[in-house]
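One structure is given below, encoded as structure tokens.
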Amino acid sequence: MQATASDKEGSAASLGDMPAEEFRRYGHQLVDWVADFLGNLDTTPVFPAVSPGELRGQLPLAPPLTGETMSTILADVDRLVMPAMAHWNHPRSFAYFNSSGSGPGILGELLSAAFNVNSMLWQSCPAATELEQVTLDWVRQMVGLPAEFWGVIYDGGSSSTMHALAAAREQIVEADIREFGLAGRPELPRLRLYTSEHGHSSIDKAAATLGLGLQSVRRVAVDETYRLKPHALLEAIREDRRAGFWPFCVVATVGTTSCTSVDPLPDVADICARERLWLHVDAAHGGAAAILPEQAALFAGWEQADSIVINPHKWMFVPLDLSVLFTRRRDVLRRAFNLTPEYLKTAQEGSVENYMDYGIPLGRRFRALKLWFVLRYFGVNGLADRIREHLRLAQQFAQQVDAHPAFERLAPVPLSTVCFRAHPPGFDDEADLNELNSALLQAMNRTGQVFLSHTKLNERFVLRLVISQIRTQETQVQEVWQLAQAALRSLLANDVTGSGC
Ligand SMILES: Cc1ncc(COP(=O)(O)O)c(C=O)c1O
């Protein structure tokens, strides 16, 4: 960003905020910068060639005593920040579960920061509360959940799951944990919740946070396609009951983090109904695919859940952060968190939504605004078309892997994540293969052309290609495929494992 000539103004000029005219000037400049940035991403490295501490070493240790001009600050974005940026908005960003800051989402964020309201109470900002009610009911309809599901926005999927598990814990009415806690109560059996070996680590974090302890999470075995085994779940529950534990909750996943496997929801829901356990469905990433009518089978049974998490900031093109918790048991969630000090009492209580009643955060950003922008700009069909294209690209990539003699796929592809590795003919030692594939991932990422991440499936090092970025097209996916083959050829030529293969 270039410094402008009339850059005399600055924060020290007078008290109060940046003058409106200065804001307008830099606002225009910044929007132009963002438009160029997004437009040029494809020719920018997706991951920076920096070492840890490189940016920190260039920044002053102490804050500036007097204000600086915006042009100096913006110039430092180019000079210092950009060289250390990993670009999640990049069309060749395939790591973790991606997040797309789409154009309308970015504009929604800008406006939300300008309003800077707190949506804790209806009275603290009626628009923020009512837009949250409306947009979440739109999302509910889009993903085909019945009207009895009600939604609330949290910052991320981990928060949504923590609140869901707090509600599940609250549902054990006779224990009255909200009032008396868990500590020093020898009369209470140890609580247990269940998830598959592939359930997300946020479940463990929630258990630790809620005072249940990591030991309260029992991991259930998965089948050869990484789906929770219902029979093993039932066995675990029964065994725990016999041993004096108190089973209270199951977390099933639609789209596990490593390989997007989908737990058998109808069977799990039946078990939860019979055993009277809260069913929480983690569809943080996968939930977006429920917009596609042809994918309904993946979600069969989720309407029986007590709570479901879907992250629009993962695959619905809404910028970080925005996660939605849907629940049929809104009363229980409210019972867990509702607490109103005098200064937050309002005349409308009982007749309006006060979202502070449903969670830890009191101050809440106006996140619904960017969701509203995205839903209206793309429309349901526009979102569906984009997600459908990601699914097609993933199938195409999977077929190319399957057809290549030196690569293999290590998991089914129910969504748009492909787990694959190099497995050249005659190269069969698993330790060597792990080393080779770790080197392959590093070699690919080092080029700056792509950003992929890894996982391990049955102790095998696997590359994950997650196609969920709004700017990704077939060209970029094909570039990854070409790069993977070229990088493998180069590693084999240099005999990376020293095995002589
Ligand atoms: C299946 C699943 N659930 C939950 C989460 C946590 O979501 P968040 O990063 O929004 O806290 C993740 C993160 O990738 C995930 O993959």
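Chain labels follow the order of the structure tokens: the first chain is A, the next B, and so on; residue numbering restarts at 1 in every chain, and ligands are counted from 1 in their shown order.
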
Practice item. Write out as an MDAnalysis selection string all residues of stretch 15-72 of chain A that backbone DSSP assigns to alpha helix (DSSP H). Key: chainID A and resid 20:40 70:72

Determine, using only C-alpha atoms and all ligand atoms, which residues of chain A have any atom at most 7 Å from an atom of ligand 1, and tabulate each with its shortest atom pair and distance in Å to one decimal place, rows ordered by chain and then rising number, as a tab-separated table.
```
residue	atom	partner	partner_atom_place_in_ligand_line	distance
A:Tyr96	CA	ligand 1	14 (O)	6.6
A:Phe97	CA	ligand 1	14 (O)	5.5
A:Gly156	CA	ligand 1	10 (O)	3.5
A:Gly157	CA	ligand 1	7 (O)	3.6
A:Ser158	CA	ligand 1	11 (O)	3.7
A:Ser159	CA	ligand 1	11 (O)	6.3
A:Gly199	CA	ligand 1	1 (C)	6.9
A:His200	CA	ligand 1	3 (N)	5.2
A:Ser202	CA	ligand 1	6 (C)	6.0
A:Thr253	CA	ligand 1	1 (C)	6.6
A:Gly255	CA	ligand 1	1 (C)	6.0
A:Thr256	CA	ligand 1	1 (C)	4.8
A:Thr257	CA	ligand 1	16 (O)	4.0
A:Asp282	CA	ligand 1	3 (N)	5.7
A:Ala283	CA	ligand 1	1 (C)	6.2
A:Ala284	CA	ligand 1	3 (N)	4.8
A:His285	CA	ligand 1	1 (C)	5.9
A:Asn311	CA	ligand 1	10 (O)	6.4
A:Ser323	CA	ligand 1	10 (O)	6.4
```

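Minimum atom-to-atom distances from A:Ala20, A:Val309, A:Val450, A:Leu111 to A:Asp42 were compared using only C-alpha atoms, and the lowest value belongs to A:Val450.
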
Exercise for review: For atom CA of A:Pro361 and atom CA of A:Arg330, determine how far apart the two atoms are, in Å to one decimal place.
Suggested key: 16.7 Å

Point to revise | Nearest-residue call for A:Leu210, choices A:Tyr194, A:Pro189, A:Arg178, A:Ala232, using only C-alpha atoms | key: A:Arg178

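The gap separating atom CA of A:Trp372 from atom CA of A:Ala384 is 16.0 Å, in Å to one decimal.
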
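Shortest atom-to-atom contact with A:Leu80 among A:Pro48, A:Gly105, A:Pro19, A:Gly67: A:Pro48, counting only C-alpha atoms.
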
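Pairwise distance (atom CA of A:Tyr377, atom CA of A:His28) equals 21.8 Å.
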
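Candidate residues A:Asp155, A:Glu408, A:Asp267, A:Asp385 were compared for distance to A:Ile470, and the nearest is A:Asp385, using only C-alpha atoms.
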
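Using only C-alpha atoms, the smallest distance between any of A:Gly426, A:Gly359, A:Gly379, A:Gly151 and A:Ile308 comes from A:Gly151.
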
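For A:Ser490, the residues within 12 Å (counting only C-alpha atoms, excluding itself and residues fewer than 4 positions away along the chain) are Leu436, Ala439, Leu440, Ala443, Met444, Leu483, Ala484, Gln485, Ala486, Asn494, Asp495 and Val496 of chain A.
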
**Study point:** Residues within 12 Å of A:Arg386, only C-alpha atoms, excluding chain neighbours under 4 positions, as number ranges by chain
**Key:** A: 100, 102, 288-289, 291-292, 315-317, 378-382, 390-393, 416, 467-473

Would you put the residues from that selection into a file with N, CA, C and O atoms, as a JSON list (two decimals), in the first residue's frame?
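The resulting part-v9.json:
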```
[["chain", "number", "residue", "atom", "x", "y", "z"],
["A", 100, "SER", "N", -13.41, -20.17, 3.76],
["A", 100, "SER", "CA", -13.42, -19.20, 2.67],
["A", 100, "SER", "C", -14.00, -17.90, 3.15],
["A", 100, "SER", "O", -15.15, -17.86, 3.59],
["A", 102, "SER", "N", -15.54, -15.28, 1.58],
["A", 102, "SER", "CA", -16.06, -14.85, 0.26],
["A", 102, "SER", "C", -16.24, -13.34, 0.26],
["A", 102, "SER", "O", -16.31, -12.71, 1.33],
["A", 288, "ALA", "N", -22.48, -28.61, 5.79],
["A", 288, "ALA", "CA", -22.79, -27.76, 4.63],
["A", 288, "ALA", "C", -23.32, -28.59, 3.46],
["A", 288, "ALA", "O", -24.16, -28.12, 2.68],
["A", 289, "ALA", "N", -22.85, -29.84, 3.35],
["A", 289, "ALA", "CA", -23.28, -30.68, 2.23],
["A", 289, "ALA", "C", -24.76, -31.07, 2.33],
["A", 289, "ALA", "O", -25.35, -31.53, 1.36],
["A", 291, "ILE", "N", -27.05, -29.14, 2.31],
["A", 291, "ILE", "CA", -27.80, -28.24, 1.42],
["A", 291, "ILE", "C", -28.16, -28.97, 0.12],
["A", 291, "ILE", "O", -29.12, -28.61, -0.55],
["A", 292, "LEU", "N", -27.37, -29.99, -0.23],
["A", 292, "LEU", "CA", -27.60, -30.68, -1.50],
["A", 292, "LEU", "C", -28.64, -31.79, -1.30],
["A", 292, "LEU", "O", -28.37, -32.75, -0.56],
["A", 315, "TRP", "N", -17.42, -24.43, 5.42],
["A", 315, "TRP", "CA", -17.70, -24.78, 4.03],
["A", 315, "TRP", "C", -18.95, -24.07, 3.49],
["A", 315, "TRP", "O", -19.57, -24.52, 2.58],
["A", 316, "MET", "N", -19.30, -22.94, 4.13],
["A", 316, "MET", "CA", -20.43, -22.16, 3.61],
["A", 316, "MET", "C", -19.97, -20.77, 3.24],
["A", 316, "MET", "O", -20.77, -19.84, 3.15],
["A", 317, "PHE", "N", -18.65, -20.61, 3.10],
["A", 317, "PHE", "CA", -18.07, -19.41, 2.50],
["A", 317, "PHE", "C", -18.26, -18.15, 3.35],
["A", 317, "PHE", "O", -18.20, -17.03, 2.85],
["A", 378, "PHE", "N", -25.32, -15.36, -2.60],
["A", 378, "PHE", "CA", -25.19, -16.58, -3.41],
["A", 378, "PHE", "C", -26.53, -17.28, -3.59],
["A", 378, "PHE", "O", -26.75, -17.98, -4.57],
["A", 379, "GLY", "N", -27.42, -17.13, -2.61],
["A", 379, "GLY", "CA", -28.69, -17.87, -2.65],
["A", 379, "GLY", "C", -28.42, -19.34, -2.35],
["A", 379, "GLY", "O", -27.27, -19.82, -2.43],
["A", 380, "VAL", "N", -29.48, -20.05, -2.02],
["A", 380, "VAL", "CA", -29.32, -21.47, -1.68],
["A", 380, "VAL", "C", -28.74, -22.24, -2.87],
["A", 380, "VAL", "O", -27.84, -23.07, -2.73],
["A", 381, "ASN", "N", -29.24, -21.92, -4.07],
["A", 381, "ASN", "CA", -28.76, -22.66, -5.25],
["A", 381, "ASN", "C", -27.29, -22.36, -5.54],
["A", 381, "ASN", "O", -26.53, -23.25, -5.91],
["A", 382, "GLY", "N", -26.90, -21.12, -5.34],
["A", 382, "GLY", "CA", -25.50, -20.74, -5.59],
["A", 382, "GLY", "C", -24.56, -21.46, -4.64],
["A", 382, "GLY", "O", -23.48, -21.92, -5.03],
["A", 390, "HIS", "N", -17.26, -28.88, -5.63],
["A", 390, "HIS", "CA", -16.17, -29.40, -4.79],
["A", 390, "HIS", "C", -16.24, -30.91, -4.70],
["A", 390, "HIS", "O", -15.22, -31.61, -4.76],
["A", 391, "LEU", "N", -17.47, -31.43, -4.56],
["A", 391, "LEU", "CA", -17.62, -32.89, -4.48],
["A", 391, "LEU", "C", -17.16, -33.53, -5.79],
["A", 391, "LEU", "O", -16.49, -34.57, -5.80],
["A", 392, "ARG", "N", -17.51, -32.91, -6.91],
["A", 392, "ARG", "CA", -17.11, -33.47, -8.22],
["A", 392, "ARG", "C", -15.59, -33.46, -8.38],
["A", 392, "ARG", "O", -15.00, -34.45, -8.80],
["A", 393, "LEU", "N", -14.98, -32.36, -7.99],
["A", 393, "LEU", "CA", -13.52, -32.27, -8.13],
["A", 393, "LEU", "C", -12.81, -33.32, -7.26],
["A", 393, "LEU", "O", -11.79, -33.88, -7.66],
["A", 416, "SER", "N", -15.61, -33.94, 0.17],
["A", 416, "SER", "CA", -14.66, -33.42, -0.82],
["A", 416, "SER", "C", -13.22, -33.45, -0.29],
["A", 416, "SER", "O", -12.42, -32.60, -0.64],
["A", 467, "ILE", "N", -11.01, -30.01, -0.60],
["A", 467, "ILE", "CA", -11.45, -29.07, -1.63],
["A", 467, "ILE", "C", -12.72, -28.38, -1.13],
["A", 467, "ILE", "O", -13.83, -28.91, -1.23],
["A", 468, "SER", "N", -12.53, -27.21, -0.52],
["A", 468, "SER", "CA", -13.70, -26.51, 0.03],
["A", 468, "SER", "C", -13.55, -25.00, -0.06],
["A", 468, "SER", "O", -14.39, -24.28, 0.46],
["A", 469, "GLN", "N", -12.51, -24.56, -0.72],
["A", 469, "GLN", "CA", -12.26, -23.12, -0.84],
["A", 469, "GLN", "C", -13.06, -22.60, -2.05],
["A", 469, "GLN", "O", -13.02, -23.20, -3.13],
["A", 470, "ILE", "N", -13.74, -21.49, -1.85],
["A", 470, "ILE", "CA", -14.66, -20.98, -2.89],
["A", 470, "ILE", "C", -13.93, -20.62, -4.19],
["A", 470, "ILE", "O", -14.52, -20.64, -5.26],
["A", 471, "ARG", "N", -12.62, -20.30, -4.09],
["A", 471, "ARG", "CA", -11.89, -19.86, -5.28],
["A", 471, "ARG", "C", -11.24, -21.03, -6.04],
["A", 471, "ARG", "O", -10.64, -20.82, -7.09],
["A", 472, "THR", "N", -11.35, -22.24, -5.48],
["A", 472, "THR", "CA", -10.70, -23.39, -6.12],
["A", 472, "THR", "C", -11.51, -23.87, -7.33],
["A", 472, "THR", "O", -12.71, -24.05, -7.23],
["A", 473, "GLN", "N", -10.80, -24.05, -8.43],
["A", 473, "GLN", "CA", -11.44, -24.61, -9.62],
["A", 473, "GLN", "C", -10.66, -25.85, -10.07],
["A", 473, "GLN", "O", -9.63, -26.18, -9.49]]
```

Point to revise | Per-residue DSSP, stretch 86-310 of chain A, filtered to strand (DSSP E or B), as a ChimeraX atom specification | key: /A:93,150-154,191-196,217-220,222,228,246-254,262,278-282,307-310

Let me see the file: selected residues, C-alpha atoms, as a PDB file, in the first residue's frame.
```pdb
ATOM      1  CA  SER A  93      -5.323 -23.823  -0.124  1.00  0.00           C
ATOM      2  CA  TRP A 150     -33.461 -23.720  17.076  1.00  0.00           C
ATOM      3  CA  GLY A 151     -30.028 -22.183  16.548  1.00  0.00           C
ATOM      4  CA  VAL A 152     -27.476 -19.983  18.259  1.00  0.00           C
ATOM      5  CA  ILE A 153     -24.142 -18.657  16.965  1.00  0.00           C
ATOM      6  CA  TYR A 154     -20.833 -19.240  18.743  1.00  0.00           C
ATOM      7  CA  LEU A 191     -20.100 -39.561  33.937  1.00  0.00           C
ATOM      8  CA  ARG A 192     -19.269 -41.046  30.546  1.00  0.00           C
ATOM      9  CA  LEU A 193     -19.685 -39.813  27.011  1.00  0.00           C
ATOM     10  CA  TYR A 194     -18.914 -41.682  23.818  1.00  0.00           C
ATOM     11  CA  THR A 195     -17.458 -40.812  20.482  1.00  0.00           C
ATOM     12  CA  SER A 196     -15.563 -42.724  17.844  1.00  0.00           C
ATOM     13  CA  VAL A 217     -14.588 -39.623  27.032  1.00  0.00           C
ATOM     14  CA  ARG A 218     -14.712 -43.212  25.873  1.00  0.00           C
ATOM     15  CA  ARG A 219     -13.498 -43.723  22.328  1.00  0.00           C
ATOM     16  CA  VAL A 220     -15.435 -46.366  20.392  1.00  0.00           C
ATOM     17  CA  VAL A 222     -14.483 -47.762  13.981  1.00  0.00           C
ATOM     18  CA  LEU A 228     -18.215 -45.719  14.470  1.00  0.00           C
ATOM     19  CA  TRP A 246     -23.189 -42.930  34.308  1.00  0.00           C
ATOM     20  CA  PRO A 247     -23.407 -42.776  30.477  1.00  0.00           C
ATOM     21  CA  PHE A 248     -25.039 -39.517  29.405  1.00  0.00           C
ATOM     22  CA  CYS A 249     -24.068 -38.530  25.873  1.00  0.00           C
ATOM     23  CA  VAL A 250     -22.866 -39.712  22.461  1.00  0.00           C
ATOM     24  CA  VAL A 251     -21.119 -37.512  19.905  1.00  0.00           C
ATOM     25  CA  ALA A 252     -21.469 -38.832  16.350  1.00  0.00           C
ATOM     26  CA  THR A 253     -19.720 -37.174  13.426  1.00  0.00           C
ATOM     27  CA  VAL A 254     -20.760 -36.383   9.867  1.00  0.00           C
ATOM     28  CA  VAL A 262     -19.807 -40.419   8.411  1.00  0.00           C
ATOM     29  CA  TRP A 278     -28.086 -37.049  24.601  1.00  0.00           C
ATOM     30  CA  LEU A 279     -27.045 -37.283  20.944  1.00  0.00           C
ATOM     31  CA  HIS A 280     -24.791 -34.508  19.685  1.00  0.00           C
ATOM     32  CA  VAL A 281     -23.897 -34.581  15.981  1.00  0.00           C
ATOM     33  CA  ASP A 282     -20.636 -32.930  14.965  1.00  0.00           C
ATOM     34  CA  SER A 307     -27.960 -30.999  19.148  1.00  0.00           C
ATOM     35  CA  ILE A 308     -25.998 -30.505  15.932  1.00  0.00           C
ATOM     36  CA  VAL A 309     -23.042 -28.259  15.154  1.00  0.00           C
ATOM     37  CA  ILE A 310     -22.491 -26.821  11.659  1.00  0.00           C
TER      38      ILE A 310
END
```
